[in-house]
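So this one's coords_18.cif, mmCIF, N, CA and C atoms and all ligand atoms:
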data_target
loop_
_atom_site.label_atom_id
_atom_site.label_comp_id
_atom_site.auth_asym_id
_atom_site.auth_seq_id
_atom_site.Cartn_x
_atom_site.Cartn_y
_atom_site.Cartn_z
N MET A 26 -56.69 -41.00 -1.21
CA MET A 26 -55.40 -41.64 -0.91
C MET A 26 -55.36 -43.07 -1.45
N ASP A 27 -56.50 -43.78 -1.28
CA ASP A 27 -56.56 -45.15 -1.81
C ASP A 27 -56.37 -45.16 -3.31
N PHE A 28 -56.97 -44.15 -3.95
CA PHE A 28 -56.84 -44.04 -5.40
C PHE A 28 -55.37 -43.89 -5.78
N LEU A 29 -54.68 -43.01 -5.02
CA LEU A 29 -53.28 -42.73 -5.31
C LEU A 29 -52.44 -44.00 -5.18
N ARG A 30 -52.77 -44.77 -4.15
CA ARG A 30 -52.01 -46.00 -3.91
C ARG A 30 -52.20 -47.01 -5.04
N ARG A 31 -53.47 -47.16 -5.44
CA ARG A 31 -53.75 -48.10 -6.55
C ARG A 31 -53.05 -47.65 -7.82
N PHE A 32 -53.07 -46.35 -8.03
CA PHE A 32 -52.46 -45.77 -9.23
C PHE A 32 -50.95 -46.03 -9.22
N THR A 33 -50.32 -45.78 -8.08
CA THR A 33 -48.88 -45.99 -7.95
C THR A 33 -48.54 -47.44 -8.27
N ARG A 34 -49.36 -48.35 -7.73
CA ARG A 34 -49.09 -49.77 -7.93
C ARG A 34 -49.18 -50.15 -9.41
N GLN A 35 -50.17 -49.56 -10.08
CA GLN A 35 -50.31 -49.86 -11.50
C GLN A 35 -49.06 -49.44 -12.27
N ILE A 36 -48.56 -48.26 -11.92
CA ILE A 36 -47.36 -47.78 -12.62
C ILE A 36 -46.19 -48.73 -12.34
N SER A 37 -46.03 -49.09 -11.07
CA SER A 37 -44.86 -49.88 -10.70
C SER A 37 -44.85 -51.25 -11.37
N PHE A 38 -46.03 -51.81 -11.66
CA PHE A 38 -46.06 -53.15 -12.21
C PHE A 38 -46.21 -53.19 -13.73
N LYS A 39 -46.05 -52.03 -14.36
CA LYS A 39 -46.14 -52.00 -15.82
C LYS A 39 -45.17 -53.03 -16.40
N PRO A 40 -45.68 -54.05 -17.12
CA PRO A 40 -44.79 -55.09 -17.62
C PRO A 40 -43.76 -54.56 -18.61
N SER A 41 -44.07 -53.42 -19.24
CA SER A 41 -43.16 -52.92 -20.26
C SER A 41 -41.95 -52.20 -19.65
N GLN A 42 -42.01 -51.99 -18.33
CA GLN A 42 -40.92 -51.25 -17.69
C GLN A 42 -39.58 -51.95 -17.93
N SER A 43 -38.62 -51.19 -18.45
CA SER A 43 -37.35 -51.81 -18.81
C SER A 43 -36.44 -51.99 -17.60
N LEU A 44 -35.72 -53.08 -17.60
CA LEU A 44 -34.77 -53.32 -16.51
C LEU A 44 -33.41 -52.71 -16.84
N HIS A 45 -33.23 -52.30 -18.07
CA HIS A 45 -31.95 -51.76 -18.53
C HIS A 45 -30.82 -52.75 -18.24
N GLU A 46 -31.12 -54.02 -18.43
CA GLU A 46 -30.14 -55.05 -18.07
C GLU A 46 -28.90 -55.01 -18.95
N GLU A 47 -29.02 -54.38 -20.12
CA GLU A 47 -27.86 -54.34 -21.02
C GLU A 47 -26.78 -53.40 -20.49
N ILE A 48 -27.17 -52.46 -19.62
CA ILE A 48 -26.15 -51.51 -19.14
C ILE A 48 -25.85 -51.64 -17.64
N LEU A 49 -26.71 -52.36 -16.93
CA LEU A 49 -26.51 -52.44 -15.48
C LEU A 49 -25.86 -53.76 -15.07
N PRO A 50 -25.05 -53.75 -14.00
CA PRO A 50 -24.48 -55.01 -13.51
C PRO A 50 -25.58 -55.97 -13.06
N GLN A 51 -25.32 -57.27 -13.19
CA GLN A 51 -26.33 -58.26 -12.77
C GLN A 51 -25.84 -58.97 -11.51
N PHE A 52 -26.76 -59.21 -10.58
CA PHE A 52 -26.43 -59.88 -9.32
C PHE A 52 -27.36 -61.07 -9.11
N THR A 53 -26.89 -62.05 -8.34
CA THR A 53 -27.76 -63.16 -7.95
C THR A 53 -28.40 -62.80 -6.60
N LEU A 54 -29.48 -63.52 -6.24
CA LEU A 54 -30.11 -63.30 -4.93
C LEU A 54 -29.11 -63.61 -3.81
N LYS A 55 -28.23 -64.59 -4.10
CA LYS A 55 -27.23 -64.97 -3.10
C LYS A 55 -26.25 -63.81 -2.83
N GLU A 56 -25.87 -63.12 -3.88
CA GLU A 56 -24.96 -61.97 -3.71
C GLU A 56 -25.66 -60.86 -2.93
N VAL A 57 -26.94 -60.64 -3.22
CA VAL A 57 -27.71 -59.61 -2.51
C VAL A 57 -27.80 -59.97 -1.03
N ALA A 58 -27.99 -61.26 -0.75
CA ALA A 58 -28.18 -61.73 0.63
C ALA A 58 -26.99 -61.43 1.54
N ALA A 59 -25.81 -61.22 0.93
CA ALA A 59 -24.61 -60.94 1.74
C ALA A 59 -24.65 -59.52 2.32
N HIS A 60 -25.56 -58.69 1.82
CA HIS A 60 -25.65 -57.29 2.27
C HIS A 60 -26.92 -57.10 3.09
N CYS A 61 -26.91 -57.68 4.29
CA CYS A 61 -28.15 -57.74 5.07
C CYS A 61 -28.04 -56.99 6.40
N THR A 62 -27.18 -55.96 6.44
CA THR A 62 -27.02 -55.23 7.70
C THR A 62 -27.18 -53.73 7.45
N ILE A 63 -27.20 -52.97 8.54
CA ILE A 63 -27.34 -51.52 8.41
C ILE A 63 -26.07 -50.92 7.80
N GLU A 64 -24.94 -51.62 7.91
CA GLU A 64 -23.67 -51.14 7.33
C GLU A 64 -23.62 -51.38 5.84
N SER A 65 -24.35 -52.38 5.38
CA SER A 65 -24.41 -52.65 3.95
C SER A 65 -25.77 -53.28 3.65
N CYS A 66 -26.66 -52.44 3.16
CA CYS A 66 -28.05 -52.85 3.03
C CYS A 66 -28.52 -52.82 1.57
N TRP A 67 -28.51 -54.03 0.96
CA TRP A 67 -28.99 -54.14 -0.42
C TRP A 67 -30.39 -54.77 -0.39
N MET A 68 -31.19 -54.46 -1.39
CA MET A 68 -32.52 -55.05 -1.47
C MET A 68 -32.93 -55.19 -2.93
N VAL A 69 -33.87 -56.10 -3.14
CA VAL A 69 -34.44 -56.27 -4.48
C VAL A 69 -35.86 -55.72 -4.46
N ILE A 70 -36.18 -54.86 -5.42
CA ILE A 70 -37.57 -54.42 -5.61
C ILE A 70 -37.86 -54.53 -7.11
N ARG A 71 -38.86 -55.32 -7.43
CA ARG A 71 -39.25 -55.55 -8.84
C ARG A 71 -38.06 -55.91 -9.73
N ASP A 72 -37.29 -56.87 -9.27
CA ASP A 72 -36.15 -57.43 -10.03
C ASP A 72 -34.95 -56.49 -10.17
N LYS A 73 -35.03 -55.32 -9.53
CA LYS A 73 -33.89 -54.42 -9.56
C LYS A 73 -33.18 -54.47 -8.21
N VAL A 74 -31.86 -54.27 -8.25
CA VAL A 74 -31.06 -54.36 -7.03
C VAL A 74 -30.68 -52.94 -6.58
N TYR A 75 -30.94 -52.67 -5.29
CA TYR A 75 -30.67 -51.33 -4.75
C TYR A 75 -29.73 -51.43 -3.56
N ASP A 76 -28.89 -50.39 -3.43
CA ASP A 76 -28.05 -50.27 -2.24
C ASP A 76 -28.61 -49.12 -1.40
N PHE A 77 -29.34 -49.48 -0.32
CA PHE A 77 -29.99 -48.48 0.51
C PHE A 77 -29.17 -48.11 1.75
N THR A 78 -27.88 -48.46 1.74
CA THR A 78 -27.05 -48.20 2.93
C THR A 78 -27.11 -46.73 3.37
N GLU A 79 -27.03 -45.82 2.40
CA GLU A 79 -27.02 -44.38 2.73
C GLU A 79 -28.40 -43.89 3.18
N PHE A 80 -29.44 -44.63 2.82
CA PHE A 80 -30.80 -44.15 3.05
C PHE A 80 -31.46 -44.72 4.29
N ILE A 81 -31.10 -45.94 4.65
CA ILE A 81 -31.87 -46.71 5.65
C ILE A 81 -32.11 -45.92 6.96
N GLU A 82 -31.11 -45.18 7.40
CA GLU A 82 -31.25 -44.40 8.65
C GLU A 82 -32.30 -43.31 8.55
N TYR A 83 -32.56 -42.86 7.32
CA TYR A 83 -33.47 -41.72 7.10
C TYR A 83 -34.85 -42.15 6.64
N HIS A 84 -35.11 -43.46 6.60
CA HIS A 84 -36.41 -43.94 6.14
C HIS A 84 -37.52 -43.39 7.05
N PRO A 85 -38.53 -42.70 6.48
CA PRO A 85 -39.58 -42.11 7.32
C PRO A 85 -40.37 -43.14 8.13
N GLY A 86 -40.38 -44.39 7.69
CA GLY A 86 -41.09 -45.45 8.41
C GLY A 86 -40.18 -46.13 9.44
N GLY A 87 -38.98 -45.62 9.63
CA GLY A 87 -38.03 -46.20 10.59
C GLY A 87 -37.10 -47.20 9.94
N TYR A 88 -35.86 -47.29 10.45
CA TYR A 88 -34.88 -48.19 9.83
C TYR A 88 -35.19 -49.66 10.11
N GLU A 89 -35.89 -49.91 11.25
CA GLU A 89 -36.14 -51.31 11.64
C GLU A 89 -36.97 -52.03 10.58
N LEU A 90 -37.99 -51.32 10.08
CA LEU A 90 -38.86 -51.93 9.06
C LEU A 90 -38.07 -52.33 7.83
N MET A 91 -37.17 -51.45 7.42
CA MET A 91 -36.38 -51.76 6.23
C MET A 91 -35.38 -52.88 6.50
N LEU A 92 -34.81 -52.86 7.68
CA LEU A 92 -33.78 -53.85 8.02
C LEU A 92 -34.30 -55.29 7.91
N GLU A 93 -35.61 -55.46 8.18
CA GLU A 93 -36.21 -56.80 8.06
C GLU A 93 -36.02 -57.38 6.66
N TYR A 94 -35.90 -56.51 5.67
CA TYR A 94 -35.79 -56.97 4.29
C TYR A 94 -34.40 -56.79 3.71
N ALA A 95 -33.46 -56.35 4.53
CA ALA A 95 -32.10 -56.15 4.05
C ALA A 95 -31.56 -57.49 3.51
N GLY A 96 -30.98 -57.45 2.34
CA GLY A 96 -30.43 -58.66 1.73
C GLY A 96 -31.48 -59.53 1.07
N ALA A 97 -32.70 -59.03 0.99
CA ALA A 97 -33.78 -59.89 0.49
C ALA A 97 -34.65 -59.17 -0.53
N ASP A 98 -35.66 -59.89 -1.01
CA ASP A 98 -36.60 -59.28 -1.96
C ASP A 98 -37.68 -58.54 -1.17
N ALA A 99 -37.74 -57.22 -1.37
CA ALA A 99 -38.67 -56.39 -0.59
C ALA A 99 -39.84 -55.89 -1.45
N THR A 100 -40.03 -56.51 -2.62
CA THR A 100 -41.06 -56.03 -3.55
C THR A 100 -42.43 -55.93 -2.87
N ASN A 101 -42.87 -57.02 -2.26
CA ASN A 101 -44.21 -57.01 -1.66
C ASN A 101 -44.29 -56.08 -0.47
N ALA A 102 -43.27 -56.09 0.37
CA ALA A 102 -43.25 -55.22 1.55
C ALA A 102 -43.34 -53.75 1.12
N PHE A 103 -42.58 -53.40 0.11
CA PHE A 103 -42.56 -52.01 -0.36
C PHE A 103 -43.92 -51.62 -0.94
N ASP A 104 -44.53 -52.50 -1.70
CA ASP A 104 -45.79 -52.17 -2.36
C ASP A 104 -46.98 -52.23 -1.42
N GLU A 105 -46.89 -53.04 -0.38
CA GLU A 105 -48.02 -53.17 0.54
C GLU A 105 -48.09 -52.02 1.53
N LYS A 106 -46.98 -51.31 1.72
CA LYS A 106 -46.98 -50.19 2.66
C LYS A 106 -47.34 -48.91 1.91
N PRO A 107 -47.75 -47.88 2.67
CA PRO A 107 -48.23 -46.67 2.00
C PRO A 107 -47.12 -45.83 1.39
N HIS A 108 -46.61 -46.23 0.25
CA HIS A 108 -45.56 -45.46 -0.42
C HIS A 108 -46.13 -44.63 -1.57
N THR A 109 -45.81 -43.36 -1.56
CA THR A 109 -46.31 -42.44 -2.58
C THR A 109 -45.48 -42.55 -3.86
N ILE A 110 -45.90 -41.82 -4.87
CA ILE A 110 -45.12 -41.76 -6.12
C ILE A 110 -43.74 -41.18 -5.82
N GLU A 111 -43.69 -40.25 -4.91
CA GLU A 111 -42.39 -39.64 -4.54
C GLU A 111 -41.45 -40.71 -3.99
N ALA A 112 -41.98 -41.59 -3.14
CA ALA A 112 -41.14 -42.65 -2.57
C ALA A 112 -40.65 -43.57 -3.70
N ASN A 113 -41.56 -43.86 -4.65
CA ASN A 113 -41.17 -44.69 -5.80
C ASN A 113 -40.08 -44.02 -6.63
N ASP A 114 -40.21 -42.70 -6.77
CA ASP A 114 -39.21 -41.97 -7.56
C ASP A 114 -37.84 -41.96 -6.90
N MET A 115 -37.84 -42.08 -5.57
CA MET A 115 -36.56 -42.06 -4.85
C MET A 115 -35.71 -43.29 -5.14
N LEU A 116 -36.37 -44.37 -5.56
CA LEU A 116 -35.65 -45.64 -5.73
C LEU A 116 -34.46 -45.51 -6.68
N ASP A 117 -34.68 -44.80 -7.79
CA ASP A 117 -33.66 -44.69 -8.84
C ASP A 117 -32.28 -44.28 -8.32
N LYS A 118 -32.31 -43.42 -7.34
CA LYS A 118 -31.06 -42.88 -6.80
C LYS A 118 -30.16 -43.99 -6.22
N TYR A 119 -30.80 -45.10 -5.80
CA TYR A 119 -30.04 -46.15 -5.10
C TYR A 119 -29.83 -47.40 -5.96
N LEU A 120 -30.26 -47.32 -7.22
CA LEU A 120 -30.16 -48.47 -8.12
C LEU A 120 -28.70 -48.83 -8.40
N ILE A 121 -28.36 -50.11 -8.22
CA ILE A 121 -26.98 -50.52 -8.54
C ILE A 121 -26.94 -51.64 -9.58
N GLY A 122 -28.09 -52.27 -9.87
CA GLY A 122 -28.06 -53.33 -10.86
C GLY A 122 -29.39 -54.04 -10.98
N VAL A 123 -29.38 -55.17 -11.66
CA VAL A 123 -30.60 -55.98 -11.82
C VAL A 123 -30.29 -57.42 -11.41
N LEU A 124 -31.35 -58.19 -11.16
CA LEU A 124 -31.14 -59.60 -10.82
C LEU A 124 -30.81 -60.39 -12.07
N VAL A 125 -30.04 -61.44 -11.93
CA VAL A 125 -29.81 -62.36 -13.06
C VAL A 125 -31.17 -62.97 -13.43
N LYS A 126 -31.32 -63.33 -14.70
CA LYS A 126 -32.62 -63.80 -15.21
C LYS A 126 -33.24 -64.90 -14.34
N GLN A 127 -32.43 -65.90 -13.94
CA GLN A 127 -32.98 -67.05 -13.21
C GLN A 127 -33.63 -66.66 -11.88
N ASP A 128 -33.19 -65.55 -11.28
CA ASP A 128 -33.70 -65.17 -9.96
C ASP A 128 -34.84 -64.15 -10.02
N ARG A 129 -35.24 -63.75 -11.22
CA ARG A 129 -36.27 -62.70 -11.32
C ARG A 129 -37.67 -63.22 -11.03
N MET A 130 -38.50 -62.31 -10.44
CA MET A 130 -39.89 -62.67 -10.12
C MET A 130 -40.85 -62.15 -11.17
N ILE A 131 -40.56 -60.96 -11.71
CA ILE A 131 -41.55 -60.27 -12.53
C ILE A 131 -41.18 -60.26 -14.02
N THR A 132 -40.02 -59.69 -14.31
CA THR A 132 -39.61 -59.57 -15.70
C THR A 132 -38.72 -60.75 -16.07
N LYS A 133 -39.17 -61.60 -16.97
CA LYS A 133 -38.36 -62.78 -17.31
C LYS A 133 -37.49 -62.51 -18.53
C1 LIG A 201 -38.12 -52.39 2.43
C2 LIG A 201 -39.26 -52.35 2.96
C3 LIG A 201 -39.98 -51.11 3.37
C4 LIG A 201 -41.00 -51.09 4.26
C5 LIG A 201 -41.59 -52.29 5.01
C6 LIG A 201 -41.43 -49.71 4.39
C7 LIG A 201 -42.45 -49.27 5.21
C8 LIG A 201 -42.89 -47.98 5.32
C9 LIG A 201 -43.97 -47.52 6.18
C10 LIG A 201 -44.80 -48.41 7.12
C11 LIG A 201 -44.11 -46.20 6.01
C12 LIG A 201 -45.14 -45.29 6.65
C13 LIG A 201 -44.56 -44.55 7.81
C14 LIG A 201 -45.56 -43.62 8.44
O1 LIG A 201 -46.50 -43.17 7.78
O2 LIG A 201 -45.36 -43.33 9.61
C15 LIG A 201 -43.12 -45.79 5.03
C16 LIG A 201 -42.96 -44.50 4.59
C17 LIG A 201 -42.05 -44.09 3.64
N1 LIG A 201 -41.11 -44.90 3.03
FE1 LIG A 201 -40.90 -46.87 3.30
N2 LIG A 201 -40.67 -48.92 3.58
C18 LIG A 201 -39.77 -49.73 2.92
C19 LIG A 201 -38.83 -49.31 2.00
C20 LIG A 201 -38.70 -48.03 1.52
C21 LIG A 201 -37.76 -47.62 0.50
C22 LIG A 201 -36.81 -48.56 -0.21
C23 LIG A 201 -37.94 -46.28 0.29
C24 LIG A 201 -37.26 -45.32 -0.66
C25 LIG A 201 -36.02 -45.44 -1.12
C26 LIG A 201 -38.97 -45.84 1.21
C27 LIG A 201 -39.42 -44.55 1.31
C28 LIG A 201 -40.41 -44.11 2.14
C29 LIG A 201 -40.92 -42.75 2.17
C30 LIG A 201 -40.42 -41.58 1.34
C31 LIG A 201 -41.95 -42.74 3.12
C32 LIG A 201 -42.83 -41.52 3.52
C33 LIG A 201 -44.17 -41.62 2.86
C34 LIG A 201 -44.07 -41.53 1.34
O3 LIG A 201 -43.60 -40.50 0.82
O4 LIG A 201 -44.42 -42.52 0.69
N3 LIG A 201 -39.42 -46.92 1.93
N4 LIG A 201 -42.39 -46.87 4.65
#

Can you turn what I pasted into structure tokens?
Amino acid sequence: MDFLRRFTRQISFKPSQSLHEEILPQFTLKEVAAHCTIESCWMVIRDKVYDFTEFIEYHPGGYELMLEYAGADATNAFDEKPHTIEANDMLDKYLIGVLVKQDRMITK
């Protein structure tokens, strides 16, 4: 299991991973911060912006854990918890955009 976790992390932090910023809307951290409730729950993971409003209630780790990061950057929280490749694959479904360049942590 530890091996799987390390492997997942390596994939997620691949520097070559594209943000597809040319086709996706761009948001500031301030805009993301306005969506910090269970009714509208946006989050940033690895410089990408996600709308998890439809998912938060069904999170296997409970909605409370996710709510702590609603409207904020959840990159470290997401990677530090035991998330499988399947959980990583689920992210795409909720992708709504990318962060503006100035607010990015990983991909400059
Ligand atoms: C935002 C911060 C997040 C935190 C702190 C967090 C925390 C956790 C924790 C502690 C568990 C383990 C629950 C258990 O074993 O009882 C878990 C499981 C899980 N989480 Fe999250 N989670 C977060 C976001 C997400 C997101 C954004 C997704 C997917 C869209 C997600 C998908 C899952 C899935 C599918 C599982 C079940 C185990 C697996 O397949 O990896 N989580 N989460």

**DSSP strand (DSSP E) selection over range 49-90 of chain A, as a list in words** = Gln51, Phe52, Trp67, Met68, Val69, Ile70, Lys73, Val74, Tyr75 and Asp76 of chain A

**Fill in**
Shortest contact to ligand LIG 201 (chain A), candidates A:Glu111, A:Glu64, A:Glu46, A:Asp128, atoms counted all atoms listed in the file, goes to A:Glu111

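Distance annotation: of A:Ser65, A:Thr109, A:Ser43, A:Thr53, the residue with the minimal separation from ligand LIG 201 (chain A) is A:Thr109; atom set is only C-alpha atoms and all ligand atoms.
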
**Prompt:** Could you write out, as number ranges by chain, all the residues of chain A that DSSP marks as helix (DSSP H, G or I)?
**Reply:** A: 27-37, 54-58, 81-83, 88-92, 100-105, 110-119, 126-128

**Request:** Would you please work out which residue, of A:Lys73, A:His84, A:His45, A:His60, is nearest to ligand LIG 201 (chain A) when using all atoms listed in the file?
**Result:**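 So, comparing all the options, the nearest one is A:His84.
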
**Request:** Point out the residue among A:Val125, A:Gly86, A:Met130, A:Ala97 with the least atom-to-atom distance to ligand LIG 201 (chain A), counting all atoms listed in the file.
**Result:** A:Gly86

Please identify every polymer residue within 6.5 Å of ligand LIG 201 (chain A), using only N, CA and C atoms and all ligand atoms, and present the set as a PDB file with N, CA and C atoms, keeping the file's coordinate frame.
ATOM      1  N   HIS A  84     -35.110 -43.460   6.600  1.00  0.00           N
ATOM      2  CA  HIS A  84     -36.410 -43.940   6.140  1.00  0.00           C
ATOM      3  C   HIS A  84     -37.520 -43.390   7.050  1.00  0.00           C
ATOM      4  N   PRO A  85     -38.530 -42.700   6.480  1.00  0.00           N
ATOM      5  CA  PRO A  85     -39.580 -42.110   7.320  1.00  0.00           C
ATOM      6  C   PRO A  85     -40.370 -43.140   8.130  1.00  0.00           C
ATOM      7  N   GLY A  86     -40.380 -44.390   7.690  1.00  0.00           N
ATOM      8  CA  GLY A  86     -41.090 -45.450   8.410  1.00  0.00           C
ATOM      9  C   GLY A  86     -40.180 -46.130   9.440  1.00  0.00           C
ATOM     10  N   GLY A  87     -38.980 -45.620   9.630  1.00  0.00           N
ATOM     11  CA  GLY A  87     -38.030 -46.200  10.590  1.00  0.00           C
ATOM     12  C   GLY A  87     -37.100 -47.200   9.940  1.00  0.00           C
ATOM     13  N   LEU A  90     -37.990 -51.320  10.080  1.00  0.00           N
ATOM     14  CA  LEU A  90     -38.860 -51.930   9.060  1.00  0.00           C
ATOM     15  C   LEU A  90     -38.070 -52.330   7.830  1.00  0.00           C
ATOM     16  N   MET A  91     -37.170 -51.450   7.420  1.00  0.00           N
ATOM     17  CA  MET A  91     -36.380 -51.760   6.230  1.00  0.00           C
ATOM     18  C   MET A  91     -35.380 -52.880   6.500  1.00  0.00           C
ATOM     19  N   LEU A  92     -34.810 -52.860   7.680  1.00  0.00           N
ATOM     20  CA  LEU A  92     -33.780 -53.850   8.020  1.00  0.00           C
ATOM     21  C   LEU A  92     -34.300 -55.290   7.910  1.00  0.00           C
ATOM     22  N   TYR A  94     -35.900 -56.510   5.670  1.00  0.00           N
ATOM     23  CA  TYR A  94     -35.790 -56.970   4.290  1.00  0.00           C
ATOM     24  C   TYR A  94     -34.400 -56.790   3.710  1.00  0.00           C
ATOM     25  N   ALA A  95     -33.460 -56.350   4.530  1.00  0.00           N
ATOM     26  CA  ALA A  95     -32.100 -56.150   4.050  1.00  0.00           C
ATOM     27  C   ALA A  95     -31.560 -57.490   3.510  1.00  0.00           C
ATOM     28  N   ALA A  99     -37.740 -57.220  -1.370  1.00  0.00           N
ATOM     29  CA  ALA A  99     -38.670 -56.390  -0.590  1.00  0.00           C
ATOM     30  C   ALA A  99     -39.840 -55.890  -1.450  1.00  0.00           C
ATOM     31  N   ALA A 102     -43.270 -56.090   0.370  1.00  0.00           N
ATOM     32  CA  ALA A 102     -43.250 -55.220   1.550  1.00  0.00           C
ATOM     33  C   ALA A 102     -43.340 -53.750   1.120  1.00  0.00           C
ATOM     34  N   PHE A 103     -42.580 -53.400   0.110  1.00  0.00           N
ATOM     35  CA  PHE A 103     -42.560 -52.010  -0.360  1.00  0.00           C
ATOM     36  C   PHE A 103     -43.920 -51.620  -0.940  1.00  0.00           C
ATOM     37  N   LYS A 106     -46.980 -51.310   1.720  1.00  0.00           N
ATOM     38  CA  LYS A 106     -46.980 -50.190   2.660  1.00  0.00           C
ATOM     39  C   LYS A 106     -47.340 -48.910   1.910  1.00  0.00           C
ATOM     40  N   PRO A 107     -47.750 -47.880   2.670  1.00  0.00           N
ATOM     41  CA  PRO A 107     -48.230 -46.670   2.000  1.00  0.00           C
ATOM     42  C   PRO A 107     -47.120 -45.830   1.390  1.00  0.00           C
ATOM     43  N   HIS A 108     -46.610 -46.230   0.250  1.00  0.00           N
ATOM     44  CA  HIS A 108     -45.560 -45.460  -0.420  1.00  0.00           C
ATOM     45  C   HIS A 108     -46.130 -44.630  -1.570  1.00  0.00           C
ATOM     46  N   THR A 109     -45.810 -43.360  -1.560  1.00  0.00           N
ATOM     47  CA  THR A 109     -46.310 -42.440  -2.580  1.00  0.00           C
ATOM     48  C   THR A 109     -45.480 -42.550  -3.860  1.00  0.00           C
ATOM     49  N   ILE A 110     -45.900 -41.820  -4.870  1.00  0.00           N
ATOM     50  CA  ILE A 110     -45.120 -41.760  -6.120  1.00  0.00           C
ATOM     51  C   ILE A 110     -43.740 -41.180  -5.820  1.00  0.00           C
ATOM     52  N   GLU A 111     -43.690 -40.250  -4.910  1.00  0.00           N
ATOM     53  CA  GLU A 111     -42.390 -39.640  -4.540  1.00  0.00           C
ATOM     54  C   GLU A 111     -41.450 -40.710  -3.990  1.00  0.00           C
ATOM     55  N   ALA A 112     -41.980 -41.590  -3.140  1.00  0.00           N
ATOM     56  CA  ALA A 112     -41.140 -42.650  -2.570  1.00  0.00           C
ATOM     57  C   ALA A 112     -40.650 -43.570  -3.700  1.00  0.00           C
ATOM     58  N   ASN A 113     -41.560 -43.860  -4.650  1.00  0.00           N
ATOM     59  CA  ASN A 113     -41.170 -44.690  -5.800  1.00  0.00           C
ATOM     60  C   ASN A 113     -40.080 -44.020  -6.630  1.00  0.00           C
ATOM     61  N   MET A 115     -37.840 -42.080  -5.570  1.00  0.00           N
ATOM     62  CA  MET A 115     -36.560 -42.060  -4.850  1.00  0.00           C
ATOM     63  C   MET A 115     -35.710 -43.290  -5.140  1.00  0.00           C
ATOM     64  N   LEU A 116     -36.370 -44.370  -5.560  1.00  0.00           N
ATOM     65  CA  LEU A 116     -35.650 -45.640  -5.730  1.00  0.00           C
ATOM     66  C   LEU A 116     -34.460 -45.510  -6.680  1.00  0.00           C
TER      67      LEU A 116
END

**Prompt:** Nearest to Phe77 in chain A: which of A:Ile131, A:Tyr119, A:Glu93, A:Asp114 is it, counting only C-alpha atoms?
**Reply:** A:Tyr119

**Message:** What does the structure give for the distance between CA of Lys126 in chain A and CA of Thr62 in chain A, in Å to one decimal?
**Reply:**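 Result for CA of Lys126 in chain A versus CA of Thr62 in chain A: 25.1 Å, one decimal.
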
Given 3 Å on each side, where is the centre and what are the edge lengths in Å to one decimal of the axis-aligned box enclosing the listed atoms of range 63-78 of chain A, as JSON?
{"center_x": -31.4, "center_y": -52.1, "center_z": -0.8, "size_x": 21.6, "size_y": 16.7, "size_z": 24.7}
